[in-house]
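Q: Shown below is the structure under consideration.
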Amino acid sequence: MKRLLSCFTALVAFALVAGAQALTLTSPENGATVPLLSEKQKAFMRMTREERAPFFDDAQPKKEREVRSYRSEPQPVRLAWEGKGPFEVTVAKRGTAEPWFRATVASNRVDVWNLEVGQAYEWVVRAGDACAKGSFVTEDVAPRLIRVPGVPNMRDMGGRVAGGRRVRQGLVYRSSGLNNNAKGIYYTYDEIKQLEADGKLAGMGSLGAKYSAKLKAGKVLDKRYLRLKKPRPSELGTARLTEEWREYMCKTLGIKTDIDLRSAHERFGMTGSPLGPDVKFATLEDELHGYSAIHTVGAEDMRRVLRVFLDRANYPIDFHCIGGADRTGTVAAVLLGILGVDDDEIWKDYQITAWHGGVNDAKHLGWFTAFVKSFDKFEGSTLAARIRKYVLWLGFTQQDIDTIRSILLE
């Protein structure tokens with residue numbers, strides 16, 4: 001009897017241990033398709049270019065509140081399970097050994113961000129000797145928005161389909177600035193008048209020349225919008241990234257090249273990328289004059305930027321200005337044109353920036369509209385075809401275009 005009781009006690013103890021280690025995956029269901037964009041974001045993507053234009057209408061009632069509700073971040077994939085932890089969770093693309101996500105958590109759920117669109121994933125939860133495995137597929141709806149706290153308006157240029165071929169994900173990102181601009185000091189109205197009196201104003205860049213011409217013509221400058229900066233900013237640009245997210249961009253996203261399209265004044269004091277010394281820092285002598293892409297200064301800027309995309313060793317690449325809208329938007333449009341996406345995708349990529357705010361007005365949309373119109377001087381039945389003619393006009397060869405396409409198209 002005593003021996004039987006001992007055996008029963010051992011069985012109960014074993015059952016308790018086994019029960020404590022049992023794991024059951026609850027969400028998402030095995031093989032389920034999960035969205036990365038909200039329903040509002042997907043509805044925006046289905047709109048026509050004309051239907052998206054009111055997001056840039058200055059007079060639209062409650063526009064700002066409506067735009068902010070779209071958000072420029074993706075939705076996470078929330079993984080959930082039952083069991084007793086702590087738990088080790090890994091998520092990997094199907095067929096790959098290296099996990100995209102790995103974490104040890106005490107709770108029974110975790111959010112996984114920035115997964116690729118249209119991709120099959122497998123996930124595993126372990127607790128002691130117990131292990132549970134599941135799978136899911138992300139919805140095949142571009143764009144692939146990227147969440148990096150401190151760096152809004154970030155997204156992958158990949159995931160779209162161009163001429164029947166998908167643009168590879170994880171190779172080119174566009175974003176806002178990786179650190180804040182240097183804090184500049186502007187000349188006052190009286191200081192500008194004195195510069196003109198001293199004969200110095202006309203030689204102080206394009207803006208100085210513009211102000212000088214107006215003063216010579218007897219016009220009065222609008223004091224509310226004086227934007228002539230003094231040569232030396234008062235403060236260097238402050239950090240946007242925590243060490244955790246800097247490491248995330250370097251290791252998880254694998255950024256190797258940071259193309260900074262800002263002016264030397266905005267970058268004042270920077271000697272390299274905020275991502276660290278191992279990341280190539282590509283800059284221009286001044287800044288990208290993106291909306292002047294087919295004029296002398298803008299053309300030379302665009303040549304310098306596009307050369308970076310010709311070298312496979314530079315990828316993955318992140319390119320940005322400060323807001324990730326205008327200068328960044330012009331490079332994105334040219335790159336998408338090279339890849340051959342349809343006209344609406346080029347427009348859509350720019351108009352998505354309205355979700356970020358600050359650029360969702362008629363002025364910015366007008367600038368981009370004029371930029372797109374400037375390609376009409378080149379032959380082609382589509383905007384992408386005209387952009388490729390423009391790239392040839394810049395002095396690149398068809399082989400150069402094919403090189404970029406071979407790198408970025410599946």
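Residues in the structure tokens are numbered from 1 in each chain, the chains being A, B, ... in the order shown, and ligands are numbered from 1 in the order shown.
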If you run DSSP on the backbone here, which positions in segment 237-314 of chain A get alpha helix (DSSP H)? Please write them as a list in words.

A: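 Assigned to alpha helix (DSSP H), within segment 237-314 of chain A: Glu243, Glu244, Trp245, Arg246, Glu247, Thr296, Val297, Gly298, Ala299, Glu300, Asp301, Met302, Arg303, Arg304, Val305, Leu306, Arg307 and Val308 of chain A.
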
Q: Could you write out the selected residues, including C-alpha atoms, as a PDB file, in the first residue's frame?

A:
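Result file is out-v8.pdb:
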```pdb
ATOM      1  CA  GLU A 243      21.007  52.857 -28.431  1.00  0.00           C
ATOM      2  CA  GLU A 244      18.459  50.024 -28.652  1.00  0.00           C
ATOM      3  CA  TRP A 245      16.934  51.316 -31.873  1.00  0.00           C
ATOM      4  CA  ARG A 246      20.273  52.326 -33.358  1.00  0.00           C
ATOM      5  CA  GLU A 247      21.347  48.715 -32.897  1.00  0.00           C
ATOM      6  CA  THR A 296      21.831  72.045 -63.506  1.00  0.00           C
ATOM      7  CA  VAL A 297      22.191  71.953 -59.721  1.00  0.00           C
ATOM      8  CA  GLY A 298      19.442  69.394 -59.165  1.00  0.00           C
ATOM      9  CA  ALA A 299      20.745  67.141 -61.936  1.00  0.00           C
ATOM     10  CA  GLU A 300      24.232  66.973 -60.436  1.00  0.00           C
ATOM     11  CA  ASP A 301      22.785  66.223 -57.001  1.00  0.00           C
ATOM     12  CA  MET A 302      20.677  63.387 -58.402  1.00  0.00           C
ATOM     13  CA  ARG A 303      23.706  61.924 -60.199  1.00  0.00           C
ATOM     14  CA  ARG A 304      25.621  61.750 -56.923  1.00  0.00           C
ATOM     15  CA  VAL A 305      22.740  60.070 -55.122  1.00  0.00           C
ATOM     16  CA  LEU A 306      21.969  57.487 -57.812  1.00  0.00           C
ATOM     17  CA  ARG A 307      25.615  56.414 -58.039  1.00  0.00           C
ATOM     18  CA  VAL A 308      25.286  55.009 -54.509  1.00  0.00           C
TER      19      VAL A 308
END
```

Q: Could you pull the residues within 8 Å of segment 309-313 of chain A, counting only C-alpha atoms, minus those fewer than 6 positions along the same chain, as number ranges by chain?

A: A: 400, 403-404, 407

Q: Excluding Gly118 of chain A and any residue of its chain fewer than 4 positions from it, enumerate the residues within 7 Å of it, using only C-alpha atoms, and give them as an NGL selection string.

A: :A and (137-140)

Q: Ranking A:Thr96, A:Lys42, A:Ser72, A:Glu29 by minimum distance to Ala354 of chain A and counting only C-alpha atoms, which one comes first?

A: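 Result for the nearest residue to Ala354 of chain A: A:Ser72.
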
Q: Considering only C-alpha atoms, return as a list of chain:residue names whatever protein or nucleic-acid residues lie within 6 Å of Gly158 of chain A, sequence-local ones (same chain, fewer than 2 positions apart) excluded.

A: A:Asp156, A:Arg160, A:Val167, A:Arg168, A:Gln169

Q: Ranking A:Leu392, A:Ile352, A:Ala182, A:Ala130 by minimum distance to Phe44 of chain A and counting only C-alpha atoms, which one comes first?

A: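 Smallest separation from Phe44 of chain A among the options: A:Ile352.
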